[in-house]
$ cat upload.cif   # mmCIF, C-alpha atoms
data_work
#
loop_
_atom_site.group_PDB
_atom_site.id
_atom_site.type_symbol
_atom_site.label_atom_id
_atom_site.label_comp_id
_atom_site.auth_asym_id
_atom_site.auth_seq_id
_atom_site.Cartn_x
_atom_site.Cartn_y
_atom_site.Cartn_z
ATOM 1 C CA MET A 1 0.000 0.000 0.000
ATOM 2 C CA GLN A 2 1.365 3.420 -0.932
ATOM 3 C CA ALA A 3 2.420 5.579 1.988
ATOM 4 C CA SER A 4 0.120 8.431 0.974
ATOM 5 C CA ARG A 5 -2.833 6.075 0.686
ATOM 6 C CA MET A 6 -2.083 4.550 4.079
ATOM 7 C CA ARG A 7 -1.836 7.963 5.736
ATOM 8 C CA ALA A 8 -5.195 8.984 4.266
ATOM 9 C CA LEU A 9 -6.868 5.797 5.512
ATOM 10 C CA LEU A 10 -5.211 6.137 8.902
ATOM 11 C CA GLU A 11 -6.378 9.724 9.294
ATOM 12 C CA ALA A 12 -9.930 8.754 8.356
ATOM 13 C CA ALA A 13 -9.865 5.755 10.692
ATOM 14 C CA ARG A 14 -8.647 7.914 13.578
ATOM 15 C CA ALA A 15 -11.602 10.152 12.895
ATOM 16 C CA GLY A 16 -13.900 7.186 13.451
ATOM 17 C CA ASP A 17 -14.358 5.835 9.911
ATOM 18 C CA ALA A 18 -14.638 2.050 10.378
ATOM 19 C CA ASP A 19 -14.645 1.426 6.630
ATOM 20 C CA SER A 20 -11.254 3.124 6.284
ATOM 21 C CA PHE A 21 -9.923 1.053 9.159
ATOM 22 C CA GLY A 22 -11.099 -2.078 7.385
ATOM 23 C CA ARG A 23 -9.283 -1.116 4.177
ATOM 24 C CA LEU A 24 -6.185 -0.353 6.245
ATOM 25 C CA VAL A 25 -6.003 -3.775 7.914
ATOM 26 C CA ASP A 26 -7.709 -6.074 5.377
ATOM 27 C CA PRO A 27 -4.477 -6.786 3.417
ATOM 28 C CA PHE A 28 -3.017 -8.353 6.570
ATOM 29 C CA ARG A 29 -5.961 -10.403 7.851
ATOM 30 C CA ALA A 30 -5.002 -13.695 6.192
ATOM 31 C CA GLU A 31 -1.346 -13.607 7.190
ATOM 32 C CA LEU A 32 -2.186 -12.543 10.747
ATOM 33 C CA HIS A 33 -4.625 -15.430 11.059
ATOM 34 C CA ALA A 34 -1.988 -17.899 9.832
ATOM 35 C CA HIS A 35 0.491 -16.397 12.300
ATOM 36 C CA CYS A 36 -1.901 -16.956 15.195
ATOM 37 C CA TYR A 37 -2.547 -20.515 13.981
ATOM 38 C CA ARG A 38 1.183 -21.276 14.028
ATOM 39 C CA MET A 39 1.401 -19.954 17.562
ATOM 40 C CA PHE A 40 -1.591 -21.974 18.844
ATOM 41 C CA GLY A 41 -2.029 -24.918 16.472
ATOM 42 C CA SER A 42 -5.739 -24.090 16.558
ATOM 43 C CA VAL A 43 -7.946 -22.415 13.962
ATOM 44 C CA HIS A 44 -10.516 -21.507 16.601
ATOM 45 C CA ASP A 45 -7.947 -19.840 18.850
ATOM 46 C CA ALA A 46 -6.568 -18.030 15.805
ATOM 47 C CA ASP A 47 -10.068 -16.743 15.013
ATOM 48 C CA ASP A 48 -10.426 -15.376 18.546
ATOM 49 C CA VAL A 49 -7.012 -13.718 18.672
ATOM 50 C CA LEU A 50 -7.357 -12.159 15.229
ATOM 51 C CA GLN A 51 -10.659 -10.618 16.289
ATOM 52 C CA GLU A 52 -9.124 -9.348 19.539
ATOM 53 C CA THR A 53 -6.129 -7.967 17.632
ATOM 54 C CA LEU A 54 -8.282 -5.930 15.286
ATOM 55 C CA ILE A 55 -10.436 -4.630 18.149
ATOM 56 C CA ARG A 56 -7.328 -3.590 20.076
ATOM 57 C CA ALA A 57 -5.872 -1.970 16.962
ATOM 58 C CA TRP A 58 -9.085 -0.010 16.341
ATOM 59 C CA ARG A 59 -9.147 1.213 19.922
ATOM 60 C CA GLY A 60 -5.412 1.964 19.934
ATOM 61 C CA LEU A 61 -5.089 3.917 16.697
ATOM 62 C CA ALA A 62 -4.109 7.036 18.594
ATOM 63 C CA GLY A 63 -1.026 5.202 19.861
ATOM 64 C CA PHE A 64 0.194 4.132 16.424
ATOM 65 C CA GLU A 65 3.178 6.187 15.327
ATOM 66 C CA ASP A 66 2.534 7.296 11.765
ATOM 67 C CA GLY A 67 5.887 6.524 10.187
ATOM 68 C CA GLY A 68 5.491 3.298 8.295
ATOM 69 C CA SER A 69 3.307 0.302 7.594
ATOM 70 C CA VAL A 70 0.753 -0.830 10.148
ATOM 71 C CA ARG A 71 1.897 -4.419 9.553
ATOM 72 C CA PRO A 72 4.576 -4.597 12.303
ATOM 73 C CA TRP A 73 2.228 -2.845 14.727
ATOM 74 C CA LEU A 74 -0.513 -5.408 14.054
ATOM 75 C CA TYR A 75 1.970 -8.250 14.523
ATOM 76 C CA LYS A 76 3.070 -6.776 17.823
ATOM 77 C CA ILE A 77 -0.508 -6.718 19.090
ATOM 78 C CA ALA A 78 -1.279 -10.220 17.790
ATOM 79 C CA THR A 79 1.942 -11.827 19.009
ATOM 80 C CA ASN A 80 1.750 -10.409 22.498
ATOM 81 C CA ARG A 81 -1.879 -11.451 22.778
ATOM 82 C CA CYS A 82 -0.864 -14.964 21.688
ATOM 83 C CA LEU A 83 1.867 -15.065 24.320
ATOM 84 C CA THR A 84 -0.586 -14.068 27.032
ATOM 85 C CA LEU A 85 -3.140 -16.723 26.088
ATOM 86 C CA ILE A 86 -0.751 -19.598 25.346
ATOM 87 C CA GLU A 87 0.218 -19.778 29.010
ATOM 88 C CA ARG A 88 -3.429 -20.349 29.904
ATOM 89 C CA ARG A 89 -4.379 -22.776 27.148
ATOM 90 C CA GLY A 90 -1.412 -25.127 27.154
ATOM 91 C CA ARG A 91 0.285 -26.968 24.333
ATOM 92 C CA ARG A 92 -1.562 -28.657 21.492
ATOM 93 C CA GLU A 93 -0.206 -32.010 20.365
ATOM 94 C CA LEU A 94 -0.688 -34.987 18.079
ATOM 95 C CA PRO A 95 -1.124 -38.563 19.340
ATOM 96 C CA THR A 96 2.247 -39.430 17.776
ATOM 97 C CA ASP A 97 3.942 -37.011 20.195
ATOM 98 C CA PHE A 98 3.570 -39.866 22.679
ATOM 99 C CA GLY A 99 5.373 -43.162 22.237
ATOM 100 C CA PRO A 100 3.496 -46.251 20.997
ATOM 101 C CA GLY A 101 1.364 -47.546 23.827
ATOM 102 C CA ALA A 102 1.996 -44.445 25.951
ATOM 103 C CA ALA A 103 -1.137 -42.827 27.323
ATOM 104 C CA PRO A 104 -1.269 -39.036 26.858
ATOM 105 C CA PRO A 105 -2.288 -36.839 29.774
ATOM 106 C CA THR A 106 -6.044 -36.678 30.186
ATOM 107 C CA GLU A 107 -5.955 -32.911 29.667
ATOM 108 C CA SER A 108 -4.305 -33.196 26.236
ATOM 109 C CA VAL A 109 -5.657 -30.934 23.532
ATOM 110 C CA TRP A 110 -4.967 -31.684 19.897
ATOM 111 C CA LEU A 111 -3.728 -29.738 16.913
ATOM 112 C CA GLU A 112 -6.353 -28.700 14.394
ATOM 113 C CA PRO A 113 -6.018 -28.813 10.583
ATOM 114 C CA TYR A 114 -5.748 -25.520 8.696
ATOM 115 C CA PRO A 115 -7.722 -24.808 5.486
ATOM 116 C CA ASP A 116 -5.436 -23.661 2.673
ATOM 117 C CA ASP A 117 -8.090 -21.148 1.608
ATOM 118 C CA ARG A 118 -7.455 -19.163 4.809
ATOM 119 C CA LEU A 119 -3.990 -18.240 3.515
ATOM 120 C CA GLY A 120 -5.250 -15.670 1.024
ATOM 121 C CA ARG A 121 -5.982 -15.339 -2.669
ATOM 122 C CA PRO A 122 -4.862 -18.201 -4.938
ATOM 123 C CA ASP A 123 -3.762 -15.597 -7.526
ATOM 124 C CA ALA A 124 -1.147 -14.144 -5.161
ATOM 125 C CA ASP A 125 2.556 -14.340 -6.020
ATOM 126 C CA PRO A 126 3.227 -18.095 -6.483
ATOM 127 C CA GLU A 127 6.513 -18.075 -4.568
ATOM 128 C CA ALA A 128 4.981 -16.204 -1.643
ATOM 129 C CA ARG A 129 2.038 -18.600 -1.591
ATOM 130 C CA TYR A 130 4.319 -21.657 -1.648
ATOM 131 C CA LEU A 131 6.220 -20.258 1.320
ATOM 132 C CA SER A 132 3.033 -19.514 3.234
ATOM 133 C CA LEU A 133 1.787 -23.067 2.620
ATOM 134 C CA GLU A 134 5.113 -24.532 3.722
ATOM 135 C CA ALA A 135 4.985 -22.536 6.946
ATOM 136 C CA VAL A 136 1.698 -24.177 8.037
ATOM 137 C CA GLU A 137 2.699 -27.775 7.266
ATOM 138 C CA LEU A 138 1.426 -29.958 10.065
ATOM 139 C CA ALA A 139 4.824 -31.314 11.158
ATOM 140 C CA PHE A 140 6.251 -27.792 11.393
ATOM 141 C CA VAL A 141 3.301 -26.463 13.403
ATOM 142 C CA ALA A 142 3.474 -29.530 15.656
ATOM 143 C CA ALA A 143 7.192 -28.934 16.255
ATOM 144 C CA LEU A 144 6.501 -25.278 17.123
ATOM 145 C CA GLN A 145 4.205 -26.367 19.948
ATOM 146 C CA HIS A 146 7.183 -27.912 21.762
ATOM 147 C CA LEU A 147 8.913 -24.544 22.040
ATOM 148 C CA PRO A 148 8.464 -22.209 24.996
ATOM 149 C CA PRO A 149 6.069 -19.458 23.895
ATOM 150 C CA ARG A 150 8.672 -16.715 23.453
ATOM 151 C CA GLN A 151 11.000 -18.994 21.473
ATOM 152 C CA ARG A 152 8.012 -19.915 19.310
ATOM 153 C CA ALA A 153 7.282 -16.253 18.640
ATOM 154 C CA VAL A 154 10.917 -15.438 17.835
ATOM 155 C CA LEU A 155 11.257 -18.337 15.401
ATOM 156 C CA VAL A 156 8.048 -17.473 13.555
ATOM 157 C CA LEU A 157 8.765 -13.740 13.403
ATOM 158 C CA ARG A 158 12.356 -14.229 12.239
ATOM 159 C CA GLU A 159 12.294 -17.367 10.082
ATOM 160 C CA VAL A 160 8.743 -17.398 8.689
ATOM 161 C CA LEU A 161 7.835 -13.719 8.503
ATOM 162 C CA GLY A 162 11.319 -12.341 7.915
ATOM 163 C CA PHE A 163 11.388 -9.615 10.552
ATOM 164 C CA PRO A 164 14.966 -8.469 11.282
ATOM 165 C CA ALA A 165 16.405 -9.194 14.731
ATOM 166 C CA ALA A 166 16.152 -5.579 15.846
ATOM 167 C CA GLU A 167 12.532 -5.264 14.727
ATOM 168 C CA THR A 168 11.642 -8.596 16.359
ATOM 169 C CA ALA A 169 13.200 -7.336 19.596
ATOM 170 C CA GLY A 170 11.032 -4.238 19.378
ATOM 171 C CA LEU A 171 7.858 -6.240 18.739
ATOM 172 C CA LEU A 172 8.501 -8.469 21.744
ATOM 173 C CA GLU A 173 10.050 -5.736 23.896
ATOM 174 C CA ILE A 174 13.228 -7.724 24.560
ATOM 175 C CA THR A 175 16.878 -7.228 23.594
ATOM 176 C CA VAL A 176 18.456 -8.248 20.292
ATOM 177 C CA ALA A 177 20.742 -10.577 22.239
ATOM 178 C CA ALA A 178 17.680 -12.271 23.743
ATOM 179 C CA VAL A 179 16.168 -12.649 20.267
ATOM 180 C CA ASN A 180 19.314 -14.265 18.871
ATOM 181 C CA SER A 181 19.633 -16.605 21.844
ATOM 182 C CA ALA A 182 15.982 -17.667 21.642
ATOM 183 C CA LEU A 183 16.262 -18.208 17.879
ATOM 184 C CA GLN A 184 19.289 -20.458 18.269
ATOM 185 C CA ARG A 185 17.553 -22.639 20.847
ATOM 186 C CA ALA A 186 14.327 -22.736 18.839
ATOM 187 C CA ARG A 187 16.123 -23.801 15.667
ATOM 188 C CA ARG A 188 17.760 -26.663 17.521
ATOM 189 C CA THR A 189 14.476 -27.969 18.954
ATOM 190 C CA VAL A 190 12.537 -27.674 15.695
ATOM 191 C CA GLY A 191 15.430 -29.280 13.834
ATOM 192 C CA GLU A 192 15.186 -32.286 16.126
ATOM 193 C CA ARG A 193 11.390 -32.581 16.013
ATOM 194 C CA GLY A 194 10.468 -31.134 12.649
ATOM 195 C CA PRO A 195 10.242 -32.885 9.272
ATOM 196 C CA GLY A 196 13.436 -33.737 7.424
ATOM 197 C CA HIS A 197 11.869 -32.443 4.226
ATOM 198 C CA SER A 198 8.931 -30.251 3.313
ATOM 199 C CA GLN A 199 5.914 -31.310 1.289
ATOM 200 C CA ARG A 200 6.934 -28.624 -1.198
ATOM 201 C CA GLU A 201 10.173 -30.528 -1.773
ATOM 202 C CA VAL A 202 8.176 -33.717 -2.298
ATOM 203 C CA LEU A 203 6.012 -31.937 -4.855
ATOM 204 C CA SER A 204 9.088 -30.668 -6.678
ATOM 205 C CA ALA A 205 10.585 -34.166 -6.793
ATOM 206 C CA VAL A 206 7.451 -36.117 -7.696
ATOM 207 C CA GLY A 207 5.558 -33.471 -9.660
ATOM 208 C CA GLU A 208 1.907 -32.428 -9.560
ATOM 209 C CA GLU A 209 0.914 -35.356 -11.756
ATOM 210 C CA GLY A 210 2.679 -37.899 -9.535
ATOM 211 C CA VAL A 211 1.116 -36.507 -6.367
ATOM 212 C CA GLY A 212 -2.303 -36.428 -8.007
ATOM 213 C CA ASP A 213 -1.936 -40.046 -9.126
ATOM 214 C CA LEU A 214 -0.948 -41.138 -5.615
ATOM 215 C CA ALA A 215 -3.954 -39.340 -4.112
ATOM 216 C CA ALA A 216 -6.329 -40.876 -6.656
ATOM 217 C CA ARG A 217 -5.025 -44.409 -5.995
ATOM 218 C CA TYR A 218 -5.320 -43.929 -2.242
ATOM 219 C CA ALA A 219 -8.923 -42.720 -2.425
ATOM 220 C CA SER A 220 -9.859 -45.462 -4.878
ATOM 221 C CA ALA A 221 -8.371 -48.177 -2.662
ATOM 222 C CA TRP A 222 -10.485 -46.993 0.286
ATOM 223 C CA GLU A 223 -13.671 -46.841 -1.764
ATOM 224 C CA LEU A 224 -13.017 -50.333 -3.163
ATOM 225 C CA ASP A 225 -12.306 -51.766 0.302
ATOM 226 C CA ASP A 226 -8.827 -52.723 -0.939
ATOM 227 C CA VAL A 227 -6.615 -52.973 2.135
ATOM 228 C CA ASP A 228 -3.665 -54.300 0.132
ATOM 229 C CA GLY A 229 -3.935 -51.313 -2.198
ATOM 230 C CA ILE A 230 -3.925 -48.901 0.745
ATOM 231 C CA VAL A 231 -0.971 -50.546 2.484
ATOM 232 C CA ALA A 232 1.054 -50.713 -0.732
ATOM 233 C CA LEU A 233 1.016 -46.907 -0.858
ATOM 234 C CA LEU A 234 2.517 -46.572 2.640
ATOM 235 C CA THR A 235 6.159 -46.376 3.636
ATOM 236 C CA GLU A 236 7.447 -49.252 5.772
ATOM 237 C CA ASP A 237 7.466 -47.015 8.871
ATOM 238 C CA ALA A 238 4.214 -45.191 8.134
ATOM 239 C CA ARG A 239 2.155 -43.835 11.030
ATOM 240 C CA TYR A 240 -1.637 -43.568 11.345
ATOM 241 C CA SER A 241 -3.369 -41.487 14.018
ATOM 242 C CA MET A 242 -6.909 -40.242 14.643
ATOM 243 C CA PRO A 243 -7.107 -37.302 17.044
ATOM 244 C CA PRO A 244 -8.908 -36.941 19.415
ATOM 245 C CA LEU A 245 -8.369 -40.702 19.936
ATOM 246 C CA PRO A 246 -5.010 -41.141 21.678
ATOM 247 C CA GLU A 247 -3.963 -44.456 20.117
ATOM 248 C CA TRP A 248 -1.955 -44.604 16.909
ATOM 249 C CA TYR A 249 -0.374 -47.248 14.690
ATOM 250 C CA GLU A 250 3.046 -47.611 13.120
ATOM 251 C CA GLY A 251 4.265 -49.831 10.306
ATOM 252 C CA ARG A 252 2.402 -51.522 7.477
ATOM 253 C CA ALA A 253 1.453 -54.641 9.431
ATOM 254 C CA ASP A 254 -0.111 -52.792 12.398
ATOM 255 C CA ILE A 255 -1.920 -50.319 10.162
ATOM 256 C CA ARG A 256 -3.237 -53.144 7.988
ATOM 257 C CA ALA A 257 -4.589 -55.007 11.030
ATOM 258 C CA PHE A 258 -6.252 -51.856 12.350
ATOM 259 C CA LEU A 259 -7.887 -51.040 9.006
ATOM 260 C CA LEU A 260 -9.334 -54.527 8.678
ATOM 261 C CA ALA A 261 -10.576 -54.566 12.276
ATOM 262 C CA LYS A 262 -12.327 -51.193 12.228
ATOM 263 C CA PRO A 263 -12.493 -48.703 9.308
ATOM 264 C CA LEU A 264 -12.764 -51.205 6.470
ATOM 265 C CA THR A 265 -15.775 -52.851 8.062
ATOM 266 C CA MET A 266 -17.644 -49.791 6.687
ATOM 267 C CA ARG A 267 -18.238 -48.339 3.216
ATOM 268 C CA TRP A 268 -16.407 -45.121 2.351
ATOM 269 C CA ARG A 269 -16.379 -42.205 -0.055
ATOM 270 C CA PHE A 270 -13.485 -39.743 -0.308
ATOM 271 C CA ARG A 271 -13.450 -36.136 -1.522
ATOM 272 C CA THR A 272 -10.251 -34.197 -2.167
ATOM 273 C CA ALA A 273 -9.417 -31.192 0.024
ATOM 274 C CA ARG A 274 -6.360 -29.140 0.979
ATOM 275 C CA ALA A 275 -5.129 -28.645 4.526
ATOM 276 C CA ASN A 276 -1.848 -27.283 5.894
ATOM 277 C CA GLY A 277 -0.456 -27.054 2.369
ATOM 278 C CA GLN A 278 -0.824 -30.819 2.021
ATOM 279 C CA ILE A 279 -3.087 -33.381 0.380
ATOM 280 C CA ALA A 280 -6.192 -34.081 2.403
ATOM 281 C CA PHE A 281 -9.481 -35.897 2.010
ATOM 282 C CA GLY A 282 -12.883 -35.475 3.483
ATOM 283 C CA THR A 283 -13.820 -39.055 4.327
ATOM 284 C CA TYR A 284 -17.451 -40.175 4.461
ATOM 285 C CA ARG A 285 -18.813 -43.386 5.981
ATOM 286 C CA TRP A 286 -22.113 -44.961 5.008
ATOM 287 C CA ASP A 287 -25.004 -44.312 7.402
ATOM 288 C CA GLU A 288 -27.743 -46.842 6.810
ATOM 289 C CA ASP A 289 -30.301 -44.891 8.871
ATOM 290 C CA ILE A 290 -30.303 -41.916 6.499
ATOM 291 C CA SER A 291 -29.085 -43.721 3.356
ATOM 292 C CA ALA A 292 -26.174 -41.340 2.852
ATOM 293 C CA PHE A 293 -22.453 -41.020 3.455
ATOM 294 C CA VAL A 294 -21.710 -38.775 6.453
ATOM 295 C CA PRO A 295 -18.415 -37.192 7.630
ATOM 296 C CA GLY A 296 -15.963 -39.630 9.149
ATOM 297 C CA GLY A 297 -12.923 -37.373 9.405
ATOM 298 C CA LEU A 298 -10.517 -35.136 7.549
ATOM 299 C CA ASP A 299 -7.494 -37.217 6.523
ATOM 300 C CA LEU A 300 -4.261 -35.300 6.010
ATOM 301 C CA LEU A 301 -1.477 -37.128 4.172
ATOM 302 C CA VAL A 302 2.249 -36.601 4.712
ATOM 303 C CA LEU A 303 4.270 -37.782 1.711
ATOM 304 C CA ARG A 304 7.804 -39.077 1.467
ATOM 305 C CA GLY A 305 8.829 -39.543 -2.139
ATOM 306 C CA THR A 306 6.159 -41.608 -3.883
ATOM 307 C CA ARG A 307 4.750 -43.096 -0.671
ATOM 308 C CA ILE A 308 2.570 -41.960 2.242
ATOM 309 C CA ALA A 309 4.625 -41.608 5.427
ATOM 310 C CA GLU A 310 1.798 -40.531 7.719
ATOM 311 C CA VAL A 311 -1.969 -40.204 7.848
ATOM 312 C CA VAL A 312 -3.533 -37.933 10.448
ATOM 313 C CA SER A 313 -7.294 -38.425 10.486
ATOM 314 C CA PHE A 314 -8.955 -35.533 12.328
ATOM 315 C CA LEU A 315 -12.170 -37.238 13.375
ATOM 316 C CA THR A 316 -13.947 -34.109 14.642
ATOM 317 C CA ALA A 317 -12.867 -31.634 11.945
ATOM 318 C CA GLU A 318 -15.521 -29.308 10.588
ATOM 319 C CA PHE A 319 -15.939 -29.926 6.847
ATOM 320 C CA GLY A 320 -17.389 -26.539 5.848
ATOM 321 C CA PRO A 321 -14.125 -24.544 6.039
ATOM 322 C CA PHE A 322 -12.518 -27.050 3.656
ATOM 323 C CA GLY A 323 -15.241 -26.691 1.033
ATOM 324 C CA LEU A 324 -16.580 -30.189 1.681
ATOM 325 C CA PRO A 325 -20.261 -31.202 1.658
ATOM 326 C CA GLU A 326 -21.947 -32.368 4.849
ATOM 327 C CA ARG A 327 -23.145 -35.586 3.253
ATOM 328 C CA ILE A 328 -22.920 -37.574 0.017
ATOM 329 C CA LEU A 329 -25.841 -39.524 -1.421
ATOM 330 C CA ASP A 330 -25.087 -42.986 -2.765
#

$ encode --input "upload.cif" --output "structure tokens"
Amino acid sequence: MQASRMRALLEAARAGDADSFGRLVDPFRAELHAHCYRMFGSVHDADDVLQETLIRAWRGLAGFEDGGSVRPWLYKIATNRCLTLIERRGRRELPTDFGPGAAPPTESVWLEPYPDDRLGRPDADPEARYLSLEAVELAFVAALQHLPPRQRAVLVLREVLGFPAAETAGLLEITVAAVNSALQRARRTVGERGPGHSQREVLSAVGEEGVGDLAARYASAWELDDVDGIVALLTEDARYSMPPLPEWYEGRADIRAFLLAKPLTMRWRFRTARANGQIAFGTYRWDEDISAFVPGGLDLLVLRGTRIAEVVSFLTAEFGPFGLPERILD
């Protein structure tokens, strides 16, 4: 936004023009929401904090120093609000954060999937959009949750959003030395817990056509009740989890036994979706009482080469935000 245009909107907003305030902050809504999601691992918490951020910004316009973009100022409000609330709400996790057979704490809360459509217009700069998708990949967001809140904020502000060290220090009201120290520790933790490769790298190696073919074969195998076809698409060490259920399965043999014992005793339909910059499916199980397929879960696939390394089936995900129907007729 041109500086003159921003100043005009800011002046009008300070005078009480809500429409001008909306035009001032609208370009940053999507990225602020994604930022809050990275901090919390929850779309619903991100919704709440984004709303609070904009309310606080509207009420605090008089305190904004007119000398540059409102973007850093909005990030300061949003990040500090996140830091305040994270302490109260605790860490979100995935079942695979706990070892096989290990029972998670009863108070565990789980990560939520993120609709790609929340990241902004599909006609935005392709490189910028790829980077924004990469920065909400499920494994990365899950790794962020294992950082202390301030380290989490520093890593996201510096590595994802590209704020310089001095500006990050100003946003968090800490020293540059503290920023650099927190970043070093955060990088080490995320490096240990995060993915060894991004799904963007997989796409580059396999190609859109290869990924599309893999997705089509996976969905078809489920709809045909073909357990061998499903298992053949998995890596040897594949993992399968279903939050909010705590149990999860690892390896082709265990996953095969689970599928035969439970899911594949039902009929299924799959519909393609996108979540966290990754392939996903809305899965629908047959409900005899209403003679229709109803939501069974949102399955997010993590790829490694030409195989599926992990399936996270979010059993309680809302389908609407992913553009999926609430039921499918046979």

$ axis_aligned_box --input "upload.cif" --around "stretch 231-237 of chain A" --padding-each-side "6 Å" --output "lines of an AutoDock Vina configuration file"
center_x = 3.2
center_y = -48.5
center_z = 4.0
size_x = 20.4
size_y = 16.3
size_z = 21.7

$ closest_residue --input "upload.cif" --among "A:Val70, A:Leu224, A:Ala3, A:Val49" --to "A:Thr84" --atoms "all atoms listed in the file"
A:Val49

$ atom_distance --input "upload.cif" --atom1 "atom CA of A:Glu236" --atom2 "atom CA of A:Glu250"
8.7 Å

$ atom_distance --input "upload.cif" --atom1 "atom CA of A:His33" --atom2 "atom CA of A:Pro115"
11.3 Å

$ resolve_selection --input "upload.cif" --expression "the PyMOL selection byres ((chain A and resi 141-147) around 6)" --output "compact mmCIF listing (two decimals) with C-alpha atoms, in the frame of the given file"
# COMPACT_ATOMS: atom_id res chain seq x y z
CA ARG A 38 1.18 -21.28 14.03
CA ARG A 91 0.28 -26.97 24.33
CA LEU A 138 1.43 -29.96 10.06
CA ALA A 139 4.82 -31.31 11.16
CA PHE A 140 6.25 -27.79 11.39
CA PRO A 148 8.46 -22.21 25.00
CA GLN A 151 11.00 -18.99 21.47
CA ARG A 152 8.01 -19.92 19.31
CA VAL A 190 12.54 -27.67 15.70
CA ARG A 193 11.39 -32.58 16.01
CA GLY A 194 10.47 -31.13 12.65

$ resolve_selection --input "upload.cif" --expression "the PyMOL selection byres ((chain A and resi 312) around 7)" --output "PDB file with C-alpha atoms, keeping the file's coordinate frame"
ATOM      1  CA  TYR A 240      -1.637 -43.568  11.345  1.00  0.00           C
ATOM      2  CA  SER A 241      -3.369 -41.487  14.018  1.00  0.00           C
ATOM      3  CA  MET A 242      -6.909 -40.242  14.643  1.00  0.00           C
ATOM      4  CA  ASP A 299      -7.494 -37.217   6.523  1.00  0.00           C
ATOM      5  CA  LEU A 300      -4.261 -35.300   6.010  1.00  0.00           C
ATOM      6  CA  LEU A 301      -1.477 -37.128   4.172  1.00  0.00           C
ATOM      7  CA  GLU A 310       1.798 -40.531   7.719  1.00  0.00           C
ATOM      8  CA  VAL A 311      -1.969 -40.204   7.848  1.00  0.00           C
ATOM      9  CA  SER A 313      -7.294 -38.425  10.486  1.00  0.00           C
ATOM     10  CA  PHE A 314      -8.955 -35.533  12.328  1.00  0.00           C
TER      11      PHE A 314
END

$ residues_around --input "upload.cif" --residues "A:Ala78" --least-positions-apart "4" --cutoff "9 Å" --atoms "only C-alpha atoms" --output "list of chain:residue names"
A:Leu32, A:His35, A:Cys36, A:Val49, A:Leu50, A:Glu52, A:Thr53, A:Leu54, A:Trp73, A:Leu74, A:Cys82, A:Leu83

$ closest_atom_pairs --input "upload.cif" --of "stretch 169-239 of chain A" --to "stretch 279-290 of chain A" --cutoff "9 Å" --atoms "all atoms listed in the file" --output "Markdown table"
| residue | atom | partner | partner_atom | distance |
| --- | --- | --- | --- | --- |
| A:Val211 | CA | A:Ile279 | CA | 8.5 |
| A:Gly212 | CA | A:Ile279 | CA | 9.0 |
| A:Ala215 | CA | A:Ile279 | CA | 7.5 |
| A:Ala219 | CA | A:Phe281 | CA | 8.2 |

$ closest_residue --input "upload.cif" --among "A:Val43, A:Ile77, A:Ala153, A:Leu85" --to "A:Ala57" --atoms "only C-alpha atoms"
A:Ile77

$ closest_residue --input "upload.cif" --among "A:Arg256, A:Lys76, A:Arg118, A:Arg89" --to "A:Val154" --atoms "all atoms listed in the file"
A:Lys76

$ closest_residue --input "upload.cif" --among "A:Glu223, A:Glu209, A:Asp254, A:Glu31" --to "A:Leu157" --atoms "all atoms listed in the file"
A:Glu31

$ atom_distance --input "upload.cif" --atom1 "atom CA of A:His44" --atom2 "atom CA of A:Ile86"
13.2 Å

$ resolve_selection --input "upload.cif" --expression "the PyMOL selection byres ((chain A and resi 61) around 10)" --output "ChimeraX atom specification"
/A:10-11,13-16,21,56-60,62-66,70

$ closest_residue --input "upload.cif" --among "A:Thr265, A:Ser108, A:Gln278, A:Thr96" --to "A:Glu247" --atoms "only C-alpha atoms"
A:Thr96

$ residues_around --input "upload.cif" --residues "A:Gly323" --least-positions-apart "2" --cutoff "10 Å" --atoms "all atoms listed in the file" --output "PyMOL selection string"
chain A and resi 115+117+271-274+282+318-321+325-326

$ closest_residue --input "upload.cif" --among "A:Pro95, A:Leu303, A:Ala18, A:Leu24" --to "A:Tyr249" --atoms "only C-alpha atoms"
A:Pro95
